[in-house]
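Report on the following structure.
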Amino acid sequence: MSLNICILGRKSNGLNILNISRKVQCRALSAAVAAPQPKQRNSQNVVLVDGVRTPFLTSGTSYSKLMPHELARHSLLSLLQKNRLDKELIDYIVYGSVIQEVKTSNIAREAALAAGFSNKTPAHTVTMACISSNAAITTGMGLIATNTYDVIVAGGVEFMSDVPIRHSRKMRGLMLKANKAKTLGQRLALLSTFRPGFLAPELPAVAEFSSGETMGHSADRLASAFNVSRGEQDEYALRSHTLAKEAQEKGYFTDLVPFKVQGVDQVVDKDNGIRVSTPESLAKLRPAFVKPYGTVTAANASFLTDGASACLIMTEEKAKQLGLKPKAYLRDFLYVSQDPVDQLLLGPAYGIPKLLKKAGLTLKDIDSWEIHEAFAGQIVANLKALDSDWFCKTYLGLSEKLGSPDLSKWNNWGGSLSIGHPFAATGVRLCMHTANRLVREDGKLGVVAACAAGGQGVAMLIERYPGATAD
């Protein structure tokens with residue numbers, strides 16, 4: 001590399017002091033450029049060694065008296081115990097969380113300390129709505145790729161049984177002013193401004209700040225835009241629950257670690273939201289959001305869930321040094337963003353084509369699809385978008401439609417509709433189900449994709465590790 005600062009001046013036949021000065025400056029800059037460079041980007045393979053999760057439970061059930069960091073603590077400890085790994089070997093911890101408990105805002109750090117990790121182990125929390133643990137994983141991949149650390153724990157936790165409920169802004173303002181008031185007169189003056197309406201609480205909502213629309217309303221509009229019928233949505237929801245039930249009964253959920261909740265006699269050892277119904281029963285349910293003509297119901301939408309997850313990622317070389325057998329290679333990933341009003345839930349339709357193009361792959365090269373099921377209508381709409389010439393040409397800039405993935409390879413163990421969706425914990429489950437399905441189904445490559453609030457999404461490419469097992 002050469003720096004051409006010295007040729008910016010006017011040309012001259014003779015040397016002068018300015019030219020000499022410039023040449024000296026150029027030599028100095030060239031010497032600086034030739035100085036030793038920082039370590040180059042790590043070209044080693046990043047591997048997913050293993051991952052665990054608590055059972056995913058509907059909010060308000062067996063976990064209801066816990067705090068979120070306790071679920072995260074359990075996933076951290078279970079991950080280390082399953083892999084017989086010492087805490088001191090962990091270089092860094094990254095955790096996702098969406099609806100945060102204000103007392104433990106950096107829940108990665110609090111969970112790590114509660115789990116007995118050294119106070120010298122750094123930890124931070126990320127938030128990216130439903131893809132927060134994906135963000136945790138890819139953050140870890142970045143730390144490894146830059147040679148910053150070798151061994152990372154990434155995960156996520158969500159606790160919908162106890163969410164922060166705030167006073168109204170007017171009430172908060174009044175209370176803050178009262179806290180600063182020094183005299184009785186000042187306090188009485190503030191009290192005179194109080195109105196009963198100040199007591200109305202601010203309840204958290206799964207709604208977009210930018211549009212004010214709930215995700216359920218957006219899902220209903222998306223289904224309508226892609227002509228997804230109520231019958232199609234119910235059929236897909238039934239498929240999800242049926243496949244999840246089959247996988248559960250066959251013992252395929254080997255990432256799940258039982259949890260003994262203090263004060264609860266029975267050990268929590270399975271997801272409690274899986275319910276196989278009938279088409280007739282599903283058809284009787286009323287619309288949950290757009291009434292009376294909407295098509296999204298309680299049965300074809302994911303439910304509020306408590307749960308935590310954690311996974312272990314590192315360089316392949318480090319895994320060999322530690323005698324660990326990885327599940328998969330983490331080959332590639334990307335994030336996408338689009339219109340949060342009309343395309344809020346189309347993350348997979350945007351991310352999948354870009355990921356395949358980046359990796360030089362086609363739909364036929366993928367052996368396992370694990371796609372987050374926020375709503376049945378959202379899933380069917382994304383499938384129709386990928387199989388639409390108009391959508392792919394207009395919004396993705398493709399010359400033709402990408403096509404429809406092989407549904408015999410799609411979410412074969414159920415998904416978020418049935419297993420549950422703790423917002424920040426789902427990404428690890430998707431990756432672990434992909435890795436374990438590749439083993440059980442004798443596949444090589446798997447794709448993970450998900451939508452998220454804000455009109456964002458993620459797509460990841462995972463490759464089965466030679467000799468990997470599904471335990």
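Every chain in the structure tokens takes a letter, A first, then B, and so on in the order presented; its residues are numbered from 1, and the ligands are numbered from 1 following the presented order.
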Residues at most 10 Å from Lys65 of chain A, counting only C-alpha atoms, excluding those fewer than 2 positions away in the same chain, as JSON, numbers by chain? {"A": [60, 61, 62, 63, 67, 68, 161, 162, 261, 262, 263]}
Once you count only C-alpha atoms, what closest atom pair and distance in Å to one decimal does each residue of segment 44-76 of chain A within 8 Å of segment 426-430 of chain A have, with rows by chain and rising residue number, as a tab-separated table?
```
residue	atom	partner	partner_atom	distance
A:Gly51	CA	A:Val428	CA	7.1
A:Val52	CA	A:Arg429	CA	7.9
A:Arg53	CA	A:Arg429	CA	7.3
```
Return as CSV the residues of segment 54-143 of chain A lying at most 12 Å from segment 195-213 of chain A, together with the closest atom-to-atom pair for each and the distance in Å to one decimal, counting only C-alpha atoms, with rows in chain order and ascending residue number.
```
residue,atom,partner,partner_atom,distance
A:Val98,CA,A:Val206,CA,10.6
A:Ile99,CA,A:Pro204,CA,8.5
A:Gln100,CA,A:Pro204,CA,11.0
A:Ala129,CA,A:Val206,CA,10.0
A:Cys130,CA,A:Val206,CA,11.0
```
Rank nothing, just name the residue among A:Ile107, A:Ile144, A:Ala381, A:Val49 nearest to Ala424 of chain A, using only C-alpha atoms.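 Nearest to Ala424 of chain A: A:Ile107.
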DSSP says helix (DSSP H, G or I) for which residues of segment 95-208 of chain A? Put them as a ChimeraX atom specification? /A:102-104,107-114,132-145,169-180,184-191,196-199
I'd like to know which of A:Ser309, A:Ile165, A:Val267, A:Phe159 is closest to Arg73 of chain A, using only C-alpha atoms.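 Nearest candidate to Arg73 of chain A out of A:Ser309, A:Ile165, A:Val267, A:Phe159: A:Ser309.
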8 Å contact set for Leu79 of chain A, only C-alpha atoms, chain neighbours under 4 positions out, as a ChimeraX atom specification: /A:50-52,75,83,310-312
Env of Val380 of chain A: 9 Å cut, atoms = only C-alpha atoms, seq-sep filter 4 positions within chain, self excluded. Answer as JSON, numbers by chain. {"A": [223, 226, 228, 232, 233, 236, 375, 376, 384, 385]}
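Closest approach to Gly156 of chain A from the set A:Gln81, A:Asn272, A:Thr54, A:Ser224 is made by A:Thr54, with distances taken over only C-alpha atoms.
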Using only C-alpha atoms, which protein or nucleic acid residues come within 10 Å of Thr278 of chain A? Drop anything in the same chain fewer than 2 positions from it, and give the result as a ChimeraX atom specification. /A:234-235,238,275-276,280-283
